[in-house]
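Peer 1: My structure is stored as input.pdb, with PDB, C-alpha atoms.
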ATOM      1  CA  PRO U   1       0.000   0.000   0.000
ATOM      2  CA  ALA U   2       2.800   2.436   0.855
ATOM      3  CA  VAL U   3       4.419   1.875  -2.526
ATOM      4  CA  ALA U   4       1.122   2.401  -4.317
ATOM      5  CA  ARG U   5       0.481   5.593  -2.321
ATOM      6  CA  ASP U   6       3.913   6.966  -3.232
ATOM      7  CA  LYS U   7       3.307   6.210  -6.906
ATOM      8  CA  TYR U   8      -0.067   7.911  -6.697
ATOM      9  CA  PHE U   9       1.274  11.116  -5.149
ATOM     10  CA  ARG U  10       4.206  11.134  -7.543
ATOM     11  CA  ALA U  11       1.866  10.738 -10.514
ATOM     12  CA  LYS U  12      -0.443  13.433  -9.113
ATOM     13  CA  ARG U  13       2.460  15.865  -8.769
ATOM     14  CA  ASP U  14       3.480  15.162 -12.341
ATOM     15  CA  LEU U  15      -0.106  15.664 -13.510
ATOM     16  CA  ASP U  16      -0.495  18.921 -11.570
ATOM     17  CA  SER U  17       2.791  20.153 -13.028
ATOM     18  CA  LYS U  18       1.722  19.295 -16.567
ATOM     19  CA  MET U  19      -1.696  20.914 -16.044
ATOM     20  CA  GLU U  20      -0.029  24.099 -14.796
ATOM     21  CA  GLN U  21       2.177  24.127 -17.894
ATOM     22  CA  ILE U  22      -0.884  23.651 -20.109
ATOM     23  CA  ASN U  23      -2.713  26.471 -18.309
ATOM     24  CA  ALA U  24       0.317  28.748 -18.749
ATOM     25  CA  ILE U  25       0.448  27.931 -22.459
ATOM     26  CA  GLU U  26      -3.278  28.653 -22.807
ATOM     27  CA  ARG U  27      -2.845  31.985 -21.019
ATOM     28  CA  ASN U  28       0.035  32.857 -23.347
ATOM     29  CA  CYS U  29      -2.023  31.874 -26.408
ATOM     30  CA  THR U  30      -4.927  34.022 -25.215
ATOM     31  CA  SER U  31      -2.588  36.961 -24.642
ATOM     32  CA  LEU U  32      -0.948  36.477 -28.049
ATOM     33  CA  ARG U  33      -4.321  36.301 -29.820
ATOM     34  CA  LYS U  34      -5.400  39.507 -28.092
ATOM     35  CA  ASP U  35      -2.112  41.195 -29.026
ATOM     36  CA  LEU U  36      -2.467  40.008 -32.635
ATOM     37  CA  ARG U  37      -5.985  41.450 -32.878
ATOM     38  CA  GLY U  38      -4.703  44.754 -31.520
ATOM     39  CA  ARG U  39      -1.805  44.788 -33.974
ATOM     40  CA  LYS U  40      -4.135  44.070 -36.905
ATOM     41  CA  GLU U  41      -6.463  46.869 -35.837
ATOM     42  CA  ARG U  42      -3.577  49.327 -35.549
ATOM     43  CA  TRP U  43      -2.187  48.141 -38.895
ATOM     44  CA  ARG U  44      -5.561  48.656 -40.600
ATOM     45  CA  ALA U  45      -5.847  52.115 -39.059
ATOM     46  CA  PHE U  46      -2.299  52.948 -40.187
ATOM     47  CA  ARG U  47      -3.015  51.611 -43.680
ATOM     48  CA  SER U  48      -6.160  53.722 -43.910
ATOM     49  CA  HIS U  49      -4.221  56.769 -42.725
ATOM     50  CA  ILE U  50      -1.539  56.228 -45.378
ATOM     51  CA  ALA U  51      -4.211  55.860 -48.076
ATOM     52  CA  GLU U  52      -6.031  58.992 -46.897
ATOM     53  CA  MET U  53      -2.862  61.117 -46.732
ATOM     54  CA  THR U  54      -1.750  59.845 -50.147
ATOM     55  CA  ASN U  55      -5.154  60.721 -51.558
ATOM     56  CA  ILE U  56      -5.026  64.232 -50.122
ATOM     57  CA  GLY U  57      -1.452  64.812 -51.304
ATOM     58  CA  PHE U  58      -2.195  63.501 -54.792
ATOM     59  CA  ASP U  59      -5.114  65.902 -55.166
ATOM     60  CA  GLU U  60      -3.118  68.843 -53.781
ATOM     61  CA  PHE U  61      -0.230  68.306 -56.190
ATOM     62  CA  LEU U  62      -2.621  68.030 -59.148
ATOM     63  CA  ASN U  63      -4.398  71.201 -58.036
ATOM     64  CA  LYS U  64      -1.213  73.143 -58.678
ATOM     65  CA  LYS U  65      -1.808  72.488 -62.392
ATOM     66  CA  GLY U  66      -5.550  73.136 -62.249
ATOM     67  CA  SER U  67      -6.416  69.442 -62.146
ATOM     68  CA  ALA U  68      -7.801  67.142 -59.481
ATOM     69  CA  GLY U  69      -7.468  63.486 -58.649
ATOM     70  CA  GLU U  70      -8.141  60.599 -56.367
ATOM     71  CA  VAL U  71      -6.238  57.446 -55.501
ATOM     72  CA  ASP U  72      -8.475  54.425 -55.055
ATOM     73  CA  PHE U  73      -6.816  51.795 -52.854
ATOM     74  CA  ASN U  74      -8.476  48.397 -53.068
ATOM     75  CA  HIS U  75      -6.947  46.509 -50.174
ATOM     76  CA  GLU U  76      -8.938  43.358 -50.898
ATOM     77  CA  THR U  77      -7.610  42.890 -54.438
ATOM     78  CA  HIS U  78      -4.315  44.721 -53.763
ATOM     79  CA  GLU U  79      -4.968  47.168 -56.594
ATOM     80  CA  LEU U  80      -4.380  50.885 -56.920
ATOM     81  CA  ASN U  81      -6.473  52.883 -59.377
ATOM     82  CA  LEU U  82      -6.213  56.534 -60.289
ATOM     83  CA  ILE U  83      -9.089  58.883 -61.005
ATOM     84  CA  VAL U  84      -7.955  62.078 -62.719
ATOM     85  CA  GLN U  85      -9.966  65.175 -63.507
ATOM     86  CA  LYS U  86      -7.988  67.220 -66.017
ATOM     87  CA  ASP U  87      -9.925  70.404 -65.177
ATOM     88  CA  ASN U  88     -10.840  70.664 -61.508
ATOM     89  CA  MET U  89     -13.750  72.931 -62.472
ATOM     90  CA  ASP U  90     -15.179  70.523 -65.043
ATOM     91  CA  GLY U  91     -16.494  67.216 -63.749
ATOM     92  CA  LYS U  92     -16.907  65.932 -67.302
ATOM     93  CA  SER U  93     -13.127  65.906 -67.746
ATOM     94  CA  GLN U  94     -12.778  63.121 -65.187
ATOM     95  CA  THR U  95     -11.341  59.824 -66.342
ATOM     96  CA  LYS U  96     -10.397  56.520 -64.725
ATOM     97  CA  ASP U  97      -8.275  55.494 -67.690
ATOM     98  CA  VAL U  98      -4.845  57.062 -67.293
ATOM     99  CA  LYS U  99      -3.944  55.807 -70.772
ATOM    100  CA  ALA U 100      -6.465  58.295 -72.167
ATOM    101  CA  LEU U 101      -4.275  61.161 -70.931
ATOM    102  CA  SER U 102      -1.591  62.775 -73.039
ATOM    103  CA  GLY U 103       2.067  61.985 -72.412
ATOM    104  CA  GLY U 104       2.592  65.250 -70.523
ATOM    105  CA  GLU U 105      -0.508  64.725 -68.414
ATOM    106  CA  ARG U 106       0.581  61.204 -67.521
ATOM    107  CA  SER U 107       4.025  62.462 -66.539
ATOM    108  CA  PHE U 108       2.562  65.098 -64.228
ATOM    109  CA  VAL U 109       0.130  62.567 -62.739
ATOM    110  CA  THR U 110       3.040  60.191 -62.123
ATOM    111  CA  ILE U 111       5.060  62.917 -60.399
ATOM    112  CA  SER U 112       2.060  63.833 -58.252
ATOM    113  CA  LEU U 113       1.517  60.205 -57.264
ATOM    114  CA  LEU U 114       5.188  59.622 -56.411
ATOM    115  CA  LEU U 115       5.319  62.781 -54.300
ATOM    116  CA  ALA U 116       2.094  61.871 -52.521
ATOM    117  CA  ILE U 117       3.237  58.331 -51.732
ATOM    118  CA  GLY U 118       6.697  59.587 -50.828
ATOM    119  CA  GLU U 119       5.242  61.701 -48.016
ATOM    120  CA  SER U 120       4.675  58.475 -46.082
ATOM    121  CA  LEU U 121       8.056  56.873 -46.825
ATOM    122  CA  GLU U 122      10.999  57.316 -44.496
ATOM    123  CA  THR U 123      13.669  56.702 -47.124
ATOM    124  CA  PRO U 124      16.712  58.994 -46.751
ATOM    125  CA  PHE U 125      17.163  59.290 -50.540
ATOM    126  CA  ARG U 126      14.636  59.836 -53.301
ATOM    127  CA  VAL U 127      15.730  59.791 -56.938
ATOM    128  CA  MET U 128      13.672  60.738 -59.999
ATOM    129  CA  ASP U 129      15.093  60.136 -63.461
ATOM    130  CA  GLU U 130      13.754  62.026 -66.508
ATOM    131  CA  PHE U 131      10.697  63.074 -64.537
ATOM    132  CA  ASP U 132       9.895  65.911 -66.953
ATOM    133  CA  VAL U 133       9.640  63.815 -70.105
ATOM    134  CA  PHE U 134       6.740  64.902 -72.340
ATOM    135  CA  LEU U 135       5.856  67.833 -70.081
ATOM    136  CA  ASP U 136       4.951  71.089 -71.802
ATOM    137  CA  PRO U 137       6.817  74.227 -70.607
ATOM    138  CA  VAL U 138       4.040  75.334 -68.238
ATOM    139  CA  ALA U 139       3.597  71.901 -66.653
ATOM    140  CA  ARG U 140       7.367  71.440 -66.440
ATOM    141  CA  LYS U 141       7.772  74.762 -64.610
ATOM    142  CA  ILE U 142       5.047  73.805 -62.126
ATOM    143  CA  ALA U 143       6.563  70.340 -61.666
ATOM    144  CA  LEU U 144      10.049  71.739 -61.023
ATOM    145  CA  GLN U 145       8.755  74.314 -58.547
ATOM    146  CA  THR U 146       6.724  71.651 -56.747
ATOM    147  CA  LEU U 147       9.635  69.203 -56.582
ATOM    148  CA  VAL U 148      12.103  71.813 -55.340
ATOM    149  CA  LYS U 149       9.662  73.177 -52.756
ATOM    150  CA  THR U 150       8.869  69.674 -51.508
ATOM    151  CA  ALA U 151      12.554  68.733 -51.354
ATOM    152  CA  LYS U 152      13.497  71.886 -49.433
ATOM    153  CA  ALA U 153      10.739  71.256 -46.912
ATOM    154  CA  MET U 154      12.193  67.809 -46.117
ATOM    155  CA  GLU U 155      15.652  68.650 -44.865
ATOM    156  CA  HIS U 156      16.084  65.170 -43.367
ATOM    157  CA  ARG U 157      16.005  63.642 -46.876
ATOM    158  CA  GLN U 158      18.077  64.106 -49.990
ATOM    159  CA  PHE U 159      16.404  64.437 -53.375
ATOM    160  CA  ILE U 160      18.185  63.764 -56.663
ATOM    161  CA  PHE U 161      16.505  64.839 -59.895
ATOM    162  CA  ILE U 162      18.012  63.701 -63.184
ATOM    163  CA  THR U 163      16.935  65.365 -66.414
ATOM    164  CA  PRO U 164      18.417  65.921 -69.872
ATOM    165  CA  GLN U 165      16.678  69.289 -70.072
ATOM    166  CA  ASP U 166      17.900  72.724 -69.029
ATOM    167  CA  VAL U 167      17.465  73.650 -65.372
ATOM    168  CA  SER U 168      19.626  76.781 -65.337
ATOM    169  CA  SER U 169      16.553  78.865 -64.466
ATOM    170  CA  LEU U 170      16.434  77.316 -61.000
ATOM    171  CA  PRO U 171      18.057  79.482 -58.321
ATOM    172  CA  THR U 172      20.803  77.537 -56.575
ATOM    173  CA  GLY U 173      21.669  77.846 -52.913
ATOM    174  CA  SER U 174      22.685  75.915 -49.819
ATOM    175  CA  LYS U 175      19.745  73.539 -50.310
ATOM    176  CA  LEU U 176      19.866  73.270 -54.092
ATOM    177  CA  ARG U 177      22.862  72.428 -56.232
ATOM    178  CA  ILE U 178      22.966  71.705 -59.943
ATOM    179  CA  PHE U 179      25.546  69.344 -61.446
ATOM    180  CA  LYS U 180      25.819  69.351 -65.222
ATOM    181  CA  MET U 181      27.542  66.442 -66.918
ATOM    182  CA  LYS U 182      29.659  66.912 -69.999
ATOM    183  CA  ALA U 183      28.193  65.739 -73.265
ATOM    184  CA  PRO U 184      29.564  62.318 -74.291
ATOM    185  CA  ALA U 185      32.199  62.275 -77.004
ATOM    186  CA  ARG U 186      30.913  61.350 -80.430
ATOM    187  CA  SER U 187      32.789  59.984 -83.410
ATOM    188  CA  SER U 188      32.103  60.651 -87.077
ATOM    189  CA  ASN U 189      32.989  57.219 -88.450
ATOM    190  CA  VAL U 190      31.424  55.772 -91.548
ATOM    191  CA  GLY U 191      27.731  55.461 -91.018
ATOM    192  CA  GLY U 192      27.289  58.750 -89.196
ATOM    193  CA  ALA U 193      27.924  60.026 -85.719
ATOM    194  CA  GLN U 194      27.761  57.440 -82.997
ATOM    195  CA  GLN U 195      27.642  57.933 -79.266
ATOM    196  CA  GLN U 196      30.625  56.446 -77.485
ATOM    197  CA  THR U 197      30.634  54.839 -74.065
ATOM    198  CA  LEU U 198      32.509  56.544 -71.279
ATOM    199  CA  ASP U 199      35.675  54.925 -69.970
ATOM    200  CA  PHE U 200      35.553  53.901 -66.322
ATOM    201  CA  GLU U 201      38.404  52.519 -64.312
ATOM    202  CA  ASN U 202      37.839  49.086 -62.824
TER     203      ASN U 202
END
I need this file expressed as structure tokens, please.

Peer 2:
Amino acid sequence: PAVARDKYFRAKRDLDSKMEQINAIERNCTSLRKDLRGRKERWRAFRSHIAEMTNIGFDEFLNKKGSAGEVDFNHETHELNLIVQKDNMDGKSQTKDVKALSGGERSFVTISLLLAIGESLETPFRVMDEFDVFLDPVARKIALQTLVKTAKAMEHRQFIFITPQDVSSLPTGSKLRIFKMKAPARSSNVGGAQQQTLDFEN
């Protein structure tokens, strides 16, 4: 009987210990599920905030050119659609098909979208290459002024704009510097002038 009693108490202690471990695991799982729900709620709120701020910024940048726009984020299908109104005073000029816009209009819409999205990105560098392609002189002037103003307002980031067009009209200063590359050497071999590659040291 004494041996059986010892085995019983030993088994009971083992069972109680295991049950306590199971209860601790269940408590941890409950806490983790609660934390996960909270994280998802905060993530959804943050996602909605990013979409709202991008939408507002996109419209503001387009307004500088007399246009208007909206960014439609479909989080279920993971799609992003643009609604552009070429004349912010004429609702009939609204289109959901960006391909229906001219090359210059698409370029300005692209710049506006990149600037709007960029407001929510914490990248230290932002580079735009040939951003003013197809822009007419008026739109290009507005785009340059907008880009420079935005860049100067974000002193904690560095903006690099690359363009083959003339930017000598921009006033330089401590926050704006212009670097002009030399034109590549060209040869006049048989068959006409050909652009040569630049020599770089390995």

Peer 1: When distances are computed from all atoms listed in the file, which of U:Val84, U:Val109, U:Cys29, U:Leu121 shows the smallest separation from U:Ile50?

Peer 2: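 Comparing U:Val84, U:Val109, U:Cys29, U:Leu121 against U:Ile50, the winner is U:Leu121.
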
Peer 1: Just say which residues the PyMOL selection byres ((chain U and resi 91-106) around 12) picks in this file, as a PyMOL selection string.

Peer 2: chain U and resi 62+65-72+80-90+107-113+131-140+143

Peer 1: Which value, in Å to one decimal, gives the distance between atom CA of U:Ala2 and atom CA of U:Asp16?

Peer 2: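 So the answer is 20.9 Å.
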
Peer 1: Hey, what comes out of the PyMOL selection byres ((chain U and resi 116) around 8) on this file? Could you write it as a PyMOL selection string?

Peer 2: chain U and resi 53-58+61+112-115+117-120

Peer 1: I'd like the interatomic distance between atom CA of U:Pro124 and atom CA of U:Phe159, to a tenth of an Å.

Peer 2: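 Pair atom CA of U:Pro124 / atom CA of U:Phe159 returns 8.6 Å.
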
Peer 1: Separation of atom CA of U:Leu170 and atom CA of U:Ile142, in Å?

Peer 2: 12.0 Å

Peer 1: For stretch 34-44 of chain U, what centre and edge lengths in Å (one decimal) does the axis-aligned box get once 8 Å is added on each side of all its listed atoms, as AutoDock Vina command-line options?

Peer 2:
--center_x -4.1 --center_y 44.4 --center_z -34.3 --size_x 20.7 --size_y 25.8 --size_z 28.5

Peer 1: So which one's closest to U:Met154, U:Asn28, U:Thr172, U:Thr123, U:Asn63? Using only C-alpha atoms, please.

Peer 2: U:Thr123

Peer 1: Applying 10 Å and all atoms listed in the file, which residues near stretch 75-77 of chain U remain after dropping the ones on its own chain fewer than 4 positions away? List them as a CSV table (one decimal) with C-alpha atoms, in the coordinates of the input.

Peer 2:
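Done, and the output landed in part19.csv:
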chain,number,residue,atom,x,y,z
U,44,ARG,CA,-5.6,48.7,-40.6
U,47,ARG,CA,-3.0,51.6,-43.7
U,48,SER,CA,-6.2,53.7,-43.9
U,51,ALA,CA,-4.2,55.9,-48.1

Peer 1: Which one of U:Arg157, U:Lys141, U:His49, U:Arg126 sits closest to U:Lys64 if you count only C-alpha atoms?

Peer 2: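 Of all the options, U:Lys141 lies closest to U:Lys64.
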